[in-house]
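Below is run_29.txt, which holds compact mmCIF, C-alpha atoms.
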# COMPACT_ATOMS: atom_id res chain seq x y z
CA MET A 1476 93.98 -14.71 -10.42
CA LYS A 1477 93.51 -18.38 -10.84
CA VAL A 1478 89.97 -19.78 -10.81
CA LYS A 1479 89.15 -23.38 -10.30
CA ILE A 1480 85.68 -24.47 -11.42
CA LYS A 1481 84.43 -27.05 -9.00
CA HIS A 1482 81.11 -27.77 -10.62
CA TRP A 1483 78.67 -26.12 -12.97
CA HIS A 1484 75.02 -26.30 -14.00
CA ALA A 1485 74.17 -26.06 -17.67
CA VAL A 1486 70.89 -24.36 -18.46
CA ALA A 1487 69.27 -24.37 -21.88
CA THR A 1488 66.03 -23.24 -23.42
CA TRP A 1489 64.42 -24.44 -26.60
CA HIS A 1490 61.90 -23.12 -29.03
CA TRP A 1491 60.05 -24.58 -31.99
CA LYS A 1492 61.42 -23.13 -35.19
CA THR A 1493 58.49 -21.57 -37.03
CA GLU A 1494 58.57 -19.19 -39.91
CA GLY A 1495 58.13 -15.88 -38.17
CA GLN A 1496 54.51 -16.17 -37.27
CA ALA A 1497 53.52 -13.31 -35.03
CA ASP A 1498 51.12 -15.11 -32.71
CA GLU A 1499 52.73 -18.17 -31.32
CA LEU A 1500 49.56 -19.80 -30.05
CA CYS A 1501 48.06 -22.97 -31.43
CA GLY A 1502 44.82 -21.87 -33.09
CA ILE A 1503 42.97 -24.86 -31.73
CA CYS A 1504 43.93 -25.10 -28.05
CA ARG A 1505 45.20 -21.47 -27.74
CA VAL A 1506 48.25 -22.65 -25.81
CA PRO A 1507 51.71 -21.51 -26.92
CA PHE A 1508 53.41 -23.82 -29.42
CA ASP A 1509 56.21 -24.37 -26.93
CA GLY A 1510 53.69 -25.67 -24.43
CA THR A 1511 51.79 -28.88 -24.88
CA CYS A 1512 48.45 -29.76 -26.33
CA PRO A 1513 45.88 -30.31 -23.57
CA ASN A 1514 46.46 -34.05 -23.56
CA CYS A 1515 50.20 -34.10 -23.05
CA LYS A 1516 52.24 -33.55 -19.93
CA TYR A 1517 55.62 -32.73 -21.42
CA PRO A 1518 56.28 -30.37 -24.32
CA GLY A 1519 58.79 -31.19 -27.00
CA ASP A 1520 59.26 -34.15 -29.29
CA GLY A 1521 56.37 -36.07 -27.79
CA CYS A 1522 53.89 -33.32 -28.59
CA PRO A 1523 55.30 -31.95 -31.84
CA LEU A 1524 54.34 -28.99 -33.90
CA ILE A 1525 52.98 -29.49 -37.40
CA LEU A 1526 53.63 -26.72 -39.88
CA GLY A 1527 51.14 -25.75 -42.52
CA ASN A 1528 52.52 -26.40 -45.98
CA GLY A 1529 49.99 -24.62 -48.15
CA CYS A 1530 49.45 -21.89 -45.58
CA SER A 1531 51.57 -20.52 -42.76
CA HIS A 1532 49.45 -21.83 -39.88
CA ASN A 1533 50.93 -24.21 -37.37
CA PHE A 1534 49.30 -26.46 -34.79
CA HIS A 1535 50.14 -29.06 -32.20
CA LEU A 1536 50.01 -32.42 -33.97
CA HIS A 1537 47.44 -33.72 -31.49
CA CYS A 1538 45.22 -30.67 -31.96
CA ILE A 1539 45.19 -30.76 -35.76
CA LEU A 1540 44.51 -34.52 -35.60
CA LYS A 1541 41.43 -33.87 -33.48
CA TRP A 1542 40.22 -31.31 -36.01
CA LEU A 1543 40.88 -33.36 -39.13
CA GLU A 1544 39.15 -36.37 -37.56
CA GLN A 1545 36.00 -34.30 -37.84
CA ASN A 1546 34.13 -34.81 -41.06
CA ASN A 1547 32.99 -31.25 -40.70
CA SER A 1548 36.57 -29.99 -41.04
CA LYS A 1549 36.57 -30.93 -44.75
CA GLY A 1550 40.35 -31.11 -44.41
CA LEU A 1551 40.67 -27.34 -44.24
CA CYS A 1552 43.01 -25.23 -42.14
CA PRO A 1553 41.02 -23.85 -39.16
CA MET A 1554 42.58 -20.42 -39.55
CA CYS A 1555 42.32 -19.68 -43.26
CA ARG A 1556 40.04 -22.43 -44.62
CA GLN A 1557 42.52 -23.41 -47.31
CA VAL A 1558 43.15 -27.11 -47.84
CA PHE A 1559 45.50 -28.15 -45.05
CA THR A 1560 48.70 -29.92 -46.00
CA ALA A 1561 51.39 -30.63 -43.47
CA LYS A 1562 55.09 -30.01 -43.32
CA VAL A 1563 56.58 -32.30 -40.73
CA ILE A 1564 59.62 -31.17 -38.76
CA ASP A 1565 62.35 -33.76 -39.33
CA GLY A 1566 62.82 -36.33 -36.65
CA VAL A 1567 59.93 -35.47 -34.33
CA GLY A 1568 56.60 -37.12 -33.76
CA SER A 1569 55.66 -40.75 -33.54
CA LYS A 1570 55.46 -42.64 -36.84
CA GLU A 1571 51.94 -43.85 -36.08
CA GLU A 1572 50.59 -40.38 -35.39
CA LEU A 1573 52.23 -38.87 -38.46
CA ALA A 1574 50.85 -41.69 -40.60
CA GLU A 1575 47.42 -41.02 -39.13
CA LEU A 1576 47.75 -37.34 -40.03
CA GLN A 1577 48.70 -38.13 -43.62
CA GLU A 1578 45.86 -40.62 -43.86
CA LEU A 1579 43.31 -38.04 -42.72
CA ILE A 1580 44.65 -35.46 -45.17
CA ASP A 1581 44.45 -37.99 -48.02
CA GLN A 1582 40.99 -39.10 -46.96
CA HIS A 1583 39.66 -35.55 -47.10
CA LYS A 1584 41.32 -35.12 -50.50
CA THR A 1585 39.56 -38.19 -51.88
CA GLU A 1586 36.25 -37.00 -50.46
CA ARG A 1587 36.68 -33.60 -52.09
CA GLU A 1588 37.50 -35.19 -55.41
CA THR A 1589 34.49 -37.52 -55.31
CA ALA A 1590 32.20 -34.66 -54.31
CA GLY A 1591 33.66 -32.56 -57.15
CA ALA A 1592 33.13 -35.33 -59.69
CA GLU A 1593 29.52 -35.83 -58.61
CA PHE A 1594 28.93 -32.13 -58.93
CA GLU A 1595 30.23 -32.07 -62.50
CA TYR A 1596 28.16 -35.12 -63.36
CA ALA A 1597 25.03 -33.46 -61.99
CA GLU A 1598 25.72 -30.37 -64.06
CA GLU A 1599 26.07 -32.36 -67.26
CA GLU A 1600 22.71 -33.97 -66.76
CA MET B 824 34.47 -30.14 -14.01
CA SER B 825 37.42 -30.89 -16.17
CA HIS B 826 37.28 -30.12 -19.84
CA ARG B 827 39.96 -31.28 -22.20
CA PHE B 828 40.45 -27.73 -23.43
CA ALA B 829 39.96 -26.14 -20.00
CA ARG B 830 42.82 -23.71 -20.47
CA ARG B 831 41.34 -22.36 -23.67
CA LEU B 832 37.90 -22.09 -22.06
CA LEU B 833 39.35 -20.15 -19.15
CA LYS B 834 41.18 -17.76 -21.45
CA GLU B 835 38.08 -17.22 -23.56
CA HIS B 836 35.96 -16.53 -20.49
CA GLN B 837 38.42 -14.02 -19.07
CA ALA B 838 38.79 -12.30 -22.45
CA PHE B 839 35.03 -12.09 -22.86
CA GLU B 840 34.57 -10.55 -19.42
CA ARG B 841 37.36 -8.05 -20.01
CA ALA B 842 36.28 -7.08 -23.52
CA ASN B 843 33.11 -5.35 -22.30
CA LEU B 844 31.57 -5.43 -25.76
CA PRO B 845 28.89 -2.85 -26.53
CA GLY B 846 25.35 -4.15 -26.05
CA LEU B 847 26.59 -7.39 -24.51
CA GLN B 848 26.67 -8.39 -20.89
CA LEU B 849 27.61 -11.65 -19.28
CA LEU B 850 24.84 -12.64 -16.86
CA PRO B 851 25.15 -14.35 -13.49
CA GLY B 852 24.90 -18.10 -13.78
CA SER B 853 27.55 -18.14 -16.50
CA ASP B 854 30.69 -20.19 -16.21
CA ILE B 855 33.40 -21.34 -18.59
CA THR B 856 31.17 -23.91 -20.31
CA LYS B 857 27.93 -21.98 -20.23
CA TYR B 858 27.49 -18.35 -21.16
CA LEU B 859 24.28 -16.42 -20.68
CA VAL B 860 24.64 -13.18 -22.56
CA SER B 861 22.22 -10.30 -22.50
CA MET B 862 22.17 -8.68 -25.92
CA SER B 863 20.84 -5.39 -27.18
CA VAL B 864 21.16 -4.39 -30.79
CA ALA B 865 21.64 -1.02 -32.48
CA ASN B 866 18.79 -1.46 -34.93
CA GLU B 867 15.44 0.33 -34.86
CA LEU B 868 13.67 -2.99 -35.33
CA TYR B 869 14.86 -4.08 -31.91
CA SER B 870 14.98 -0.76 -30.07
CA GLY B 871 14.30 -1.11 -26.37
CA GLN B 872 14.45 -4.91 -26.56
CA LYS B 873 16.83 -7.18 -24.71
CA PHE B 874 17.54 -10.73 -25.81
CA MET B 875 19.22 -13.53 -23.98
CA LEU B 876 21.66 -15.75 -25.81
CA LEU B 877 22.75 -19.10 -24.42
CA ILE B 878 26.12 -20.49 -25.47
CA SER B 879 26.71 -23.96 -24.20
CA ILE B 880 30.13 -25.53 -24.67
CA GLY B 881 30.17 -29.28 -25.13
CA THR B 882 32.93 -31.79 -24.48
CA GLU B 883 34.10 -31.71 -28.10
CA TYR B 884 34.50 -27.93 -28.21
CA PRO B 885 36.43 -26.30 -29.96
CA VAL B 886 36.59 -29.05 -32.52
CA GLU B 887 32.80 -28.91 -32.64
CA PRO B 888 30.83 -25.66 -32.45
CA PRO B 889 29.08 -24.64 -29.22
CA LEU B 890 25.31 -24.83 -28.92
CA VAL B 891 23.94 -21.33 -29.44
CA LYS B 892 20.32 -20.27 -29.13
CA PHE B 893 18.07 -17.52 -27.83
CA VAL B 894 16.29 -18.26 -24.57
CA THR B 895 13.15 -16.71 -23.16
CA GLU B 896 13.85 -16.01 -19.52
CA ASN B 897 13.28 -12.84 -17.53
CA GLU B 898 10.79 -11.57 -20.09
CA CYS B 899 13.30 -11.84 -22.91
CA THR B 900 11.84 -12.67 -26.29
CA VAL B 901 13.27 -14.37 -29.36
CA PRO B 902 14.14 -11.66 -31.92
CA LEU B 903 12.13 -11.54 -35.11
CA HIS B 904 14.56 -12.37 -37.89
CA PRO B 905 14.24 -14.44 -41.10
CA HIS B 906 16.98 -16.78 -39.82
CA VAL B 907 15.84 -17.08 -36.21
CA TYR B 908 13.18 -19.68 -35.46
CA SER B 909 10.55 -19.07 -32.82
CA ASN B 910 12.09 -21.73 -30.56
CA GLY B 911 15.29 -19.66 -30.39
CA HIS B 912 17.31 -21.72 -32.87
CA ILE B 913 19.52 -19.71 -35.21
CA CYS B 914 20.34 -20.62 -38.77
CA LEU B 915 23.87 -19.31 -39.18
CA ASN B 916 26.67 -21.03 -41.08
CA VAL B 917 29.42 -20.49 -38.47
CA LEU B 918 27.31 -22.31 -35.87
CA GLY B 919 27.23 -25.40 -38.05
CA LYS B 920 28.99 -26.41 -41.22
CA ASP B 921 31.40 -23.47 -41.39
CA TRP B 922 32.59 -23.65 -37.79
CA THR B 923 36.32 -23.85 -37.26
CA PRO B 924 38.31 -23.94 -34.00
CA ALA B 925 39.59 -20.48 -34.90
CA CYS B 926 36.13 -19.19 -34.05
CA GLY B 927 35.26 -18.79 -30.40
CA VAL B 928 32.57 -17.63 -28.02
CA GLU B 929 33.28 -13.98 -28.71
CA SER B 930 33.24 -14.32 -32.51
CA VAL B 931 30.02 -16.31 -32.40
CA VAL B 932 28.23 -13.80 -30.17
CA LEU B 933 29.40 -10.95 -32.40
CA SER B 934 28.20 -12.80 -35.51
CA VAL B 935 24.73 -13.18 -34.02
CA GLN B 936 24.63 -9.56 -32.90
CA SER B 937 25.77 -8.34 -36.30
CA MET B 938 23.21 -10.54 -38.03
CA LEU B 939 20.50 -8.77 -36.01
CA SER B 940 21.90 -5.30 -36.43
CA THR B 941 21.87 -5.47 -40.23
CA ASN B 942 18.39 -7.00 -40.42
CA THR B 943 15.55 -5.12 -42.10
CA LEU B 944 12.77 -7.75 -41.96
CA ALA B 945 10.89 -8.36 -38.72
CA GLU B 946 9.66 -11.80 -39.65
CA ARG B 947 10.17 -15.51 -38.97
CA PRO B 948 11.74 -17.92 -41.48
CA PRO B 949 9.21 -19.19 -44.05
CA ASP B 950 9.46 -22.75 -42.72
CA ASP B 951 9.20 -21.76 -39.05
CA ALA B 952 6.13 -23.83 -38.11
CA ARG B 953 7.47 -26.98 -39.76
CA TYR B 954 10.99 -26.59 -38.35
CA VAL B 955 9.84 -25.92 -34.79
CA ARG B 956 7.55 -28.96 -34.81
CA HIS B 957 10.40 -31.31 -35.69
CA ALA B 958 13.34 -29.39 -34.28
CA PRO B 959 16.01 -31.39 -32.44
CA ARG B 960 16.96 -30.23 -28.97
CA ASP B 961 20.39 -29.27 -30.18
CA PRO B 962 20.16 -26.97 -33.20
CA LYS B 963 23.48 -28.35 -34.45
CA ASN B 964 21.61 -31.51 -35.37
CA GLY B 965 19.08 -29.54 -37.36
CA ARG B 966 19.35 -29.78 -41.10
CA PHE B 967 19.28 -26.16 -42.02
CA VAL B 968 19.21 -25.06 -45.62
CA TYR B 969 21.45 -22.06 -45.89
CA HIS B 970 19.46 -20.59 -48.70
CA ASP B 971 19.72 -16.90 -48.30
CA ASP B 972 22.93 -14.89 -48.16
CA THR B 973 21.28 -11.54 -48.61
CA VAL B 974 19.59 -11.21 -45.23
Spell out the structure here as structure tokens.
Amino acid sequence: MKVKIKHWHAVATWHWKTEGQADELCGICRVPFDGTCPNCKYPGDGCPLILGNGCSHNFHLHCILKWLEQNNSKGLCPMCRQVFTAKVIDGVGSKEELAELQELIDQHKTERETAGAEFEYAEEE
Amino acid sequence: MSHRFARRLLKEHQAFERANLPGLQLLPGSDITKYLVSMSVANELYSGQKFMLLISIGTEYPVEPPLVKFVTENECTVPLHPHVYSNGHICLNVLGKDWTPACGVESVVLSVQSMLSTNTLAERPPDDARYVRHAPRDPKNGRFVYHDDTV
């Protein structure tokens, strides 16, 4: 039998590659990682996932930004309260937003160090 | 009403209703940004008493904690506890400086209930009179001193 394909529709799915975390919800907005943060319309590169580097907790970039903008966050991971450091997935996310993320992480680090130094100083006295 | 995290609020509300937690009941007048919870506690100190907890979710939730306090409606009183002020404000770390977005309405309500159920002292905080006189309307703005981890 001879078959002639006249036309075809390609269908694909995608999925953020995370390191086998059981619950695939963003801990901040409680929406699946493959969905968007509440501010975005379209999932994917425009609303990227940020992986925890020190811990295994992942978040939408826009969600973790909102959290780290808070002074109260002290730069800690919302899930495990360890210092949050980010592992960025290659090639996704806007440069400005990723720079902002790094800036917030560094800012919290400086604040922790200053607070730590003051504490030691107070103890010496 | 459109909240930035509306989907999360909806999920939390549904989960809370479904969970049917012991001693806790969601009262009419509640919606996804305002919970009125009737609370009874398995502790002899509070036997036969019902308290009413108000959880009010602001625009910055869950990045900021919700407002949580005891209210005195329908003959409900404010429980006697060394960390609960007579105006209903609660001194509890997860409602302030130790809040994280991983907490939620359910975890906060359970924290308050557990704080009451392990209590052995039916008294007000030592600085109650002073605090209540100057207390802000939103307890989050209060400058609590978290001085006592044993109670």
>> I need the chain A residues near chain B as an MDAnalysis selection string; criterion: at most 10 Å, counting all atoms listed in the file.
In response: chainID A and resid 1501:1506 1512:1514 1538:1539 1541:1549 1551:1556
>> as a VMD selection string, please: the residues near Tyr858 of chain B (cut-off 9 Å, all atoms listed in the file, same-chain neighbours under 6 positions excluded).
In response: chain B and resid 836 849 to 852 876 to 880 928
> Which polymer residues have any atom within 9 Å of an atom of segment 1576-1582 of chain A, counting only C-alpha atoms, with same-chain residues fewer than 4 positions away left out, as number ranges by chain?
Replying inline: A: 1536, 1539-1540, 1543-1544, 1550, 1558-1561, 1571-1572, 1586-1587
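When atom CA of Phe874 of chain B is paired with atom CA of Pro845 of chain B, their separation reads 13.8 Å.
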Listed atoms of segment 1527-1543 of chain A, axis-aligned box, 6 Å per side: centre and edge lengths to one decimal in Å, as lines of an AutoDock Vina configuration file?
center_x = 46.4
center_y = -27.5
center_z = -39.8
size_x = 24.3
size_y = 26.0
size_z = 28.7
> Hey, can you check how far atom CA of Gln837 of chain B sits from atom CA of Ile855 of chain B?
Replying inline: 8.9 Å
